[in-house]
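A.B. asks: Have a peek at my_file-v9.txt (compact mmCIF, C-alpha atoms).
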# COMPACT_ATOMS: atom_id res chain seq x y z
CA MET V 1 116.00 -162.13 69.25
CA PRO V 2 116.44 -159.92 72.32
CA GLY V 3 117.82 -156.48 71.64
CA LEU V 4 116.96 -152.93 70.67
CA TYR V 5 115.27 -152.56 67.27
CA ILE V 6 115.44 -149.11 65.63
CA VAL V 7 112.22 -149.06 63.61
CA ALA V 8 111.41 -146.46 60.94
CA THR V 9 107.75 -145.48 60.68
CA PRO V 10 105.86 -143.54 57.96
CA ILE V 11 106.42 -139.80 57.54
CA GLY V 12 102.94 -139.29 56.12
CA ASN V 13 101.36 -142.05 54.08
CA LEU V 14 100.76 -144.98 56.42
CA GLY V 15 101.23 -147.38 53.54
CA ASP V 16 104.95 -146.63 53.57
CA ILE V 17 105.69 -148.79 56.60
CA THR V 18 107.63 -151.95 55.72
CA LEU V 19 106.41 -155.49 56.27
CA ARG V 20 109.41 -156.13 58.51
CA ALA V 21 108.62 -153.08 60.64
CA VAL V 22 105.04 -154.28 61.18
CA ASP V 23 106.33 -157.73 62.15
CA VAL V 24 108.83 -156.31 64.65
CA LEU V 25 106.28 -153.96 66.23
CA ARG V 26 103.81 -156.81 66.57
CA ARG V 27 106.26 -159.33 68.05
CA CYS V 28 108.40 -157.14 70.31
CA SER V 29 107.59 -156.97 74.02
CA MET V 30 107.66 -153.17 74.30
CA ILE V 31 107.78 -150.07 72.06
CA ALA V 32 109.70 -147.03 73.29
CA CYS V 33 108.20 -143.97 71.59
CA GLU V 34 108.26 -140.16 71.65
CA ASP V 35 104.52 -139.74 72.15
CA THR V 36 102.25 -142.67 72.99
CA ARG V 37 99.28 -140.85 71.44
CA VAL V 38 100.98 -140.49 68.05
CA THR V 39 102.39 -144.02 68.01
CA GLY V 40 99.10 -145.34 69.38
CA LYS V 41 97.28 -144.14 66.25
CA LEU V 42 99.78 -145.97 64.03
CA LEU V 43 99.52 -149.16 66.08
CA LYS V 44 95.73 -149.03 65.95
CA HIS V 45 95.89 -148.69 62.16
CA LEU V 46 98.22 -151.71 62.01
CA GLY V 47 96.20 -153.78 64.47
CA VAL V 48 99.13 -153.96 66.88
CA SER V 49 98.56 -154.01 70.65
CA THR V 50 102.14 -154.07 71.94
CA ARG V 51 102.78 -152.19 75.18
CA MET V 52 104.22 -148.68 74.76
CA GLN V 53 106.56 -146.68 76.99
CA ARG V 54 107.29 -143.00 76.48
CA TYR V 55 110.91 -142.26 75.63
CA ASP V 56 112.20 -138.96 74.24
CA ASP V 57 115.27 -136.75 74.51
CA HIS V 58 114.10 -135.55 77.92
CA ALA V 59 114.03 -139.08 79.34
CA SER V 60 115.99 -139.59 82.54
CA GLU V 61 118.94 -141.92 82.92
CA GLU V 62 116.68 -144.23 84.96
CA GLN V 63 114.15 -144.43 82.09
CA ARG V 64 116.93 -145.14 79.63
CA ALA V 65 118.35 -147.85 81.89
CA ARG V 66 114.94 -149.52 82.15
CA VAL V 67 114.64 -149.71 78.36
CA ILE V 68 118.16 -151.14 78.06
CA ASP V 69 117.55 -153.68 80.84
CA ALA V 70 114.40 -154.85 79.08
CA ALA V 71 116.28 -155.19 75.76
CA ARG V 72 118.82 -157.52 77.38
CA ASN V 73 116.25 -160.27 77.63
CA GLU V 74 113.53 -159.43 75.12
CA PRO V 75 113.02 -157.55 71.85
CA VAL V 76 112.33 -153.83 72.38
CA ALA V 77 111.50 -151.40 69.56
CA LEU V 78 112.39 -147.71 69.41
CA VAL V 79 110.27 -145.47 67.17
CA SER V 80 109.94 -141.70 66.70
CA ASP V 81 106.72 -139.86 65.88
CA ALA V 82 107.53 -140.19 62.17
CA GLY V 83 110.38 -141.41 60.00
CA THR V 84 113.68 -142.89 61.06
CA PRO V 85 114.67 -142.56 64.73
CA ARG V 86 117.89 -140.63 65.43
CA ILE V 87 117.60 -138.49 62.27
CA SER V 88 116.94 -135.27 64.23
CA ASP V 89 114.85 -137.45 66.55
CA PRO V 90 115.47 -139.10 69.93
CA GLY V 91 117.62 -142.18 70.34
CA TYR V 92 121.29 -141.17 70.30
CA ARG V 93 121.92 -141.74 74.01
CA LEU V 94 119.79 -144.88 74.10
CA VAL V 95 121.60 -146.54 71.21
CA ARG V 96 125.00 -145.49 72.51
CA ASP V 97 124.33 -146.80 76.03
CA ALA V 98 122.81 -150.02 74.68
CA ARG V 99 125.93 -150.77 72.65
CA GLU V 100 128.23 -149.89 75.56
CA ASN V 101 126.26 -152.30 77.77
CA GLY V 102 126.50 -155.19 75.34
CA VAL V 103 122.90 -155.06 74.14
CA ASP V 104 122.42 -155.98 70.48
CA VAL V 105 121.08 -153.16 68.30
CA PHE V 106 119.26 -153.84 65.03
CA THR V 107 118.07 -151.44 62.34
CA VAL V 108 114.70 -151.76 60.61
CA PRO V 109 115.03 -149.07 57.90
CA GLY V 110 112.26 -147.25 56.11
CA ALA V 111 110.97 -143.73 55.45
CA CYS V 112 113.23 -140.71 56.03
CA ALA V 113 112.13 -137.17 55.14
CA ALA V 114 115.66 -135.98 54.30
CA ILE V 115 116.16 -138.76 51.76
CA ALA V 116 112.65 -138.37 50.37
CA GLY V 117 113.31 -134.65 49.84
CA LEU V 118 116.53 -135.40 47.97
CA THR V 119 114.73 -137.78 45.62
CA LEU V 120 112.26 -135.05 44.62
CA ALA V 121 114.45 -131.94 44.47
CA GLY V 122 116.52 -132.69 41.38
CA LEU V 123 119.60 -131.20 43.06
CA PRO V 124 122.99 -132.96 42.93
CA ASN V 125 122.90 -135.89 45.33
CA ASP V 126 126.24 -137.59 44.78
CA ARG V 127 127.31 -135.64 47.87
CA PHE V 128 124.97 -134.16 50.46
CA LEU V 129 125.22 -132.94 54.03
CA PHE V 130 122.30 -133.28 56.41
CA ALA V 131 122.40 -130.61 59.13
CA GLY V 132 119.11 -131.03 60.99
CA PHE V 133 117.05 -127.98 61.93
CA LEU V 134 118.37 -124.47 61.33
CA PRO V 135 118.63 -122.33 64.50
CA VAL V 136 115.65 -120.12 65.34
CA LYS V 137 117.59 -116.90 66.02
CA ASP V 138 118.75 -114.86 63.04
CA LYS V 139 122.43 -114.59 64.00
CA ALA V 140 122.79 -118.26 64.87
CA ARG V 141 121.03 -119.21 61.64
CA GLY V 142 123.36 -116.99 59.61
CA ASP V 143 126.41 -118.41 61.37
CA VAL V 144 125.41 -121.97 60.52
CA LEU V 145 124.74 -121.11 56.90
CA GLU V 146 128.08 -119.32 56.52
CA GLU V 147 129.89 -122.21 58.23
CA LEU V 148 128.46 -124.71 55.73
CA GLY V 149 128.52 -122.45 52.68
CA SER V 150 131.82 -123.72 51.30
CA VAL V 151 130.84 -127.40 51.46
CA ALA V 152 130.78 -128.75 47.91
CA ALA V 153 127.57 -130.67 48.42
CA THR V 154 123.82 -130.20 48.57
CA LEU V 155 122.83 -129.03 52.06
CA VAL V 156 119.73 -130.60 53.61
CA PHE V 157 117.85 -129.05 56.54
CA TYR V 158 114.57 -129.60 58.31
CA GLU V 159 112.41 -126.50 58.78
CA THR V 160 108.96 -125.50 60.00
CA GLY V 161 106.32 -123.55 58.10
CA PRO V 162 106.37 -120.42 60.31
CA ARG V 163 110.17 -120.09 60.00
CA LEU V 164 110.61 -120.97 56.32
CA VAL V 165 110.43 -117.47 54.82
CA ARG V 166 112.99 -116.06 57.28
CA SER V 167 115.36 -118.92 56.53
CA LEU V 168 114.93 -118.40 52.80
CA GLY V 169 115.62 -114.69 53.29
CA ALA V 170 118.88 -115.49 55.06
CA ILE V 171 119.88 -117.82 52.23
CA ALA V 172 119.02 -115.18 49.61
CA SER V 173 121.30 -112.65 51.28
CA LEU V 174 124.21 -115.11 51.23
CA TRP V 175 123.76 -117.06 48.00
CA PRO V 176 121.29 -115.41 45.62
CA GLU V 177 122.54 -117.57 42.75
CA ARG V 178 122.13 -121.02 44.31
CA GLU V 179 119.24 -123.30 43.45
CA ILE V 180 116.95 -124.03 46.39
CA ALA V 181 114.28 -126.66 46.86
CA VAL V 182 111.44 -126.73 49.38
CA ALA V 183 109.83 -130.16 49.82
CA ARG V 184 106.78 -130.32 52.06
CA GLU V 185 103.91 -132.61 53.03
CA LEU V 186 106.03 -135.52 51.78
CA THR V 187 104.08 -138.69 50.89
CA LYS V 188 100.80 -136.94 51.77
CA MET V 189 97.94 -135.85 49.54
CA HIS V 190 99.30 -132.31 49.07
CA GLU V 191 102.94 -133.26 48.57
CA GLU V 192 104.89 -130.41 46.96
CA CYS V 193 108.46 -129.76 45.88
CA ARG V 194 109.12 -126.23 44.63
CA THR V 195 112.51 -125.13 43.29
CA GLY V 196 114.07 -121.81 42.33
CA SER V 197 116.28 -119.12 43.81
CA ALA V 198 115.82 -118.23 47.46
CA THR V 199 114.38 -114.85 46.43
CA GLU V 200 111.79 -116.48 44.16
CA LEU V 201 110.78 -118.86 46.92
CA VAL V 202 110.49 -116.03 49.45
CA GLU V 203 108.07 -114.28 47.10
CA HIS V 204 105.98 -117.43 46.66
CA PHE V 205 105.78 -118.55 50.28
CA SER V 206 105.17 -115.01 51.53
CA VAL V 207 101.93 -115.11 49.55
CA HIS V 208 101.24 -118.81 50.17
CA PRO V 209 102.27 -119.52 53.79
CA PRO V 210 103.42 -123.14 53.97
CA LYS V 211 101.96 -125.75 56.26
CA GLY V 212 103.35 -129.06 57.37
CA GLU V 213 106.87 -130.28 57.92
CA ILE V 214 109.49 -129.12 55.45
CA VAL V 215 112.76 -130.32 53.97
CA LEU V 216 114.85 -127.35 52.81
CA LEU V 217 117.62 -128.11 50.33
CA ILE V 218 120.39 -125.79 49.11
CA GLY V 219 122.32 -126.66 45.97
CA PRO V 220 126.14 -126.73 46.12
CA PRO V 221 128.23 -123.65 45.25
CA VAL V 222 127.73 -122.53 41.66
CA ALA V 223 130.35 -124.26 39.51
CA SER V 224 131.26 -121.23 37.41
CA ALA V 225 131.97 -119.10 40.45
CA SER V 226 133.65 -121.79 42.50
CA THR V 227 136.04 -122.71 39.67
CA ALA V 228 137.14 -119.12 39.03
CA ASP V 229 140.55 -118.02 40.32
CA PRO V 230 139.95 -116.74 43.89
CA ASP V 231 142.89 -114.33 43.58
CA GLU V 232 141.34 -112.72 40.50
CA LEU V 233 138.01 -112.35 42.26
CA LEU V 234 139.69 -110.90 45.35
CA ARG V 235 141.73 -108.40 43.32
CA ALA V 236 138.58 -107.20 41.58
CA ALA V 237 136.77 -106.84 44.88
CA LEU V 238 139.71 -105.09 46.56
CA ALA V 239 139.56 -102.34 43.95
CA GLU V 240 136.51 -100.95 45.71
CA ALA V 241 136.32 -102.63 49.10
CA SER V 242 138.35 -103.42 52.22
CA PRO V 243 139.92 -106.89 52.63
CA SER V 244 137.14 -107.90 55.01
CA LYS V 245 134.32 -106.86 52.67
CA ALA V 246 136.14 -108.26 49.64
CA ALA V 247 136.52 -111.62 51.37
CA GLY V 248 132.83 -111.61 52.28
CA LYS V 249 131.81 -110.81 48.72
CA VAL V 250 133.94 -113.58 47.22
CA ALA V 251 132.84 -116.05 49.90
CA LYS V 252 129.19 -115.46 49.01
CA ALA V 253 129.90 -115.86 45.31
CA THR V 254 132.01 -119.01 45.57
CA GLY V 255 131.15 -120.73 48.83
CA LEU V 256 134.83 -120.68 49.81
CA ASP V 257 135.87 -120.20 53.43
CA ARG V 258 135.62 -116.53 54.39
CA GLN V 259 138.52 -116.53 56.87
CA THR V 260 140.88 -118.11 54.33
CA LEU V 261 139.82 -115.56 51.73
CA TYR V 262 140.34 -112.71 54.21
CA ALA V 263 143.89 -113.82 54.97
CA ARG V 264 144.63 -113.97 51.25
CA ALA V 265 142.99 -110.58 50.66
CA VAL V 266 145.27 -109.00 53.26
CA GLU V 267 148.29 -110.49 51.47
CA LEU V 268 147.12 -109.21 48.09
CA LYS V 269 146.40 -105.76 49.51
CA ALA V 270 149.95 -105.54 50.85
CA GLN V 271 151.54 -106.47 47.51
For this file, produce the structure as structure tokens.

C.D. replies:
Amino acid sequence: MPGLYIVATPIGNLGDITLRAVDVLRRCSMIACEDTRVTGKLLKHLGVSTRMQRYDDHASEEQRARVIDAARNEPVALVSDAGTPRISDPGYRLVRDARENGVDVFTVPGACAAIAGLTLAGLPNDRFLFAGFLPVKDKARGDVLEELGSVAATLVFYETGPRLVRSLGAIASLWPEREIAVARELTKMHEECRTGSATELVEHFSVHPPKGEIVLLIGPPVASASTADPDELLRAALAEASPSKAAGKVAKATGLDRQTLYARAVELKAQ
């Protein structure tokens, strides 16, 4: 049928592509892709000769309109370099505009690094929050981590090898007690998932610099700390620290919102 088909491709092992995905890529009239060289290698492996057109997050409105116009009358596939499109990959504007213009959108699900990392890590997965890539700059990275620290769920990020140790260091300074998992080279020959505290992982990866794409997972706030009475923790901290520092200390220990704790610390200090 005509429309836009969101097609997941392998994240490593080429055998992970689905039979339906191969069929769609073979029978569609055009494949919109991030990099024609990367997708070209996959198509060659699959024996598919469908025409490709480059489409990424830097595509112009005119390029996006051409893809949508084509999908009105014929099947058009959207793929990313690896994994599921739109999961920290291009496609948001294209899918949104296609739907607004009455073009049918279909999903062809498959591999996703974030989900694959969750399956390996052994961290709680009844609730998880995927937050894409951590910021490059130290302050912005710290702000994001503190913003999400009180979420009672496993946090899932994408990260790169050169930045991993700095991100782990930032996590160690905030939550030294939380369990962390680093999943890398997923579905490939050297697939690895290493768990431990952020400090332990900093020590390991400082000696063994990681390569490949990485899924970084942070376990939820420690149950024993998060279930303790916040007022008791604040009173203990206020005995030797200002309301601001006391709130910061309790926030790190429990994952609770720092601003809320600060307001309560001020009240307790005044009593």

A.B. asks: Restrict the calculation to only C-alpha atoms, then for each residue of range 75-166 of chain V with any atom at most 10 Å from an atom of range 188-209 of chain V give the closest atom pair and their distance in Å to one decimal, rows by chain and rising residue number, as a tab-separated table.

C.D. replies:
residue	atom	partner	partner_atom	distance
V:Gly117	CA	V:Cys193	CA	7.9
V:Leu120	CA	V:Cys193	CA	6.6
V:Ala121	CA	V:Cys193	CA	6.5
V:Gly122	CA	V:Thr195	CA	8.8
V:Leu123	CA	V:Thr195	CA	9.3
V:Gly161	CA	V:Pro209	CA	7.2
V:Pro162	CA	V:Pro209	CA	7.8
V:Leu164	CA	V:Phe205	CA	8.1
V:Val165	CA	V:Val202	CA	5.6
V:Arg166	CA	V:Val202	CA	8.2

A.B. asks: Given only C-alpha atoms as the basis, pick out the residue of V:Asn101, V:Ser242, V:Thr154, V:Thr260 nearest to Ile115 in chain V.

C.D. replies: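 Comparing V:Asn101, V:Ser242, V:Thr154, V:Thr260 against Ile115 in chain V, the winner is V:Thr154.
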
A.B. asks: Please compute the CA of Ala65 in chain V-CA of Leu46 in chain V distance, one decimal, in Å.

C.D. replies: 28.6 Å

A.B. asks: Can you tell me which residues surround Asp126 in chain V at a distance of at most 12 Å, considering only C-alpha atoms, apart from same-chain residues fewer than 3 positions away, and format the answer as a list in words?

C.D. replies: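 Returned residues: Leu118, Thr119, Gly122, Leu123, Leu129, Ala152, Ala153, Thr154, Leu155, Gly219 and Pro220 of chain V.
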
A.B. asks: For CA of Leu42 in chain V and CA of Pro210 in chain V, determine how far apart the two atoms are, in Å to one decimal place.

C.D. replies: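 Between these atoms lies a distance of 25.2 Å.
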
A.B. asks: List the spatial neighbours of Arg93 in chain V as a list in words - criterion: any atom at most 10 Å away, all atoms listed in the file, same-chain residues fewer than 2 positions off excluded.

C.D. replies: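 In the requested format, the answer is Asp57, Ala59, Glu61, Arg64, Arg86, Pro90, Gly91, Val95, Arg96, Asp97, Ala98 and Arg99 of chain V.
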
A.B. asks: Out of V:Leu261, V:Leu94, V:Val222, V:Leu216, which residue has the shortest atom-to-atom distance to Trp175 in chain V when counting all atoms listed in the file?

C.D. replies: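 Of the candidates, the smallest distance to Trp175 in chain V is held by V:Val222.
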
A.B. asks: Nearest to Ile180 in chain V: which of V:Glu232, V:Lys245, V:Pro124, V:Val144 is it, counting only C-alpha atoms?

C.D. replies: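 Of all the options, V:Pro124 lies closest to Ile180 in chain V.
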
A.B. asks: Choose the residue, out of V:Tyr158, V:Pro230, V:Gly149, V:Cys112, that has the smallest atom-to-atom separation from Pro135 in chain V; count only C-alpha atoms.

C.D. replies: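 Going through V:Tyr158, V:Pro230, V:Gly149, V:Cys112 one by one, the smallest distance to Pro135 in chain V is for V:Tyr158.
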
A.B. asks: For a quick check of your reading of the model, name the residues lying within 10 Å of the coordinate (135.8, -116.9, 53.2), counting all atoms listed in the file, and write them as a list in words.

C.D. replies: Glu146, Glu147, Gly149, Ser150, Ser244, Ala246, Ala247, Gly248, Lys249, Val250, Ala251, Lys252, Ala253, Thr254, Gly255, Leu256, Asp257, Arg258, Gln259, Thr260, Leu261, Tyr262, Ala263, Arg264 and Ala265 of chain V

A.B. asks: Name the closest residue to Ala140 in chain V among the candidates V:Met1, V:Ala116, V:Ala170, V:Ile31; distances are taken between atoms, counting all atoms listed in the file.

C.D. replies: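 Looking only at the distances to Ala140 in chain V, the closest residue turns out to be V:Ala170.
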
A.B. asks: Around all listed atoms of range 69-86 of chain V, padded 5 Å per side, what centre and edge lengths does the axis-aligned box have in Å to one decimal, as JSON?

C.D. replies:
{"center_x": 112.8, "center_y": -150.1, "center_z": 70.4, "size_x": 22.1, "size_y": 30.4, "size_z": 30.8}

A.B. asks: Within 6 Å of Ala8 in chain V, counting only C-alpha atoms, which residues qualify if same-chain residues fewer than 3 places away don't, as a list in words?

C.D. replies: Gly83, Thr84, Pro109 and Gly110 of chain V

A.B. asks: As a ChimeraX atom specification, please: the residues near Arg51 in chain V (cut-off 9 Å, only C-alpha atoms, same-chain neighbours under 4 positions excluded).

C.D. replies: /V:28-32

A.B. asks: Would you work out the distance separating CA of Thr39 in chain V from CA of Leu19 in chain V, expressed in Å to one decimal?

C.D. replies: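 Distance between the two atoms: 16.9 Å.
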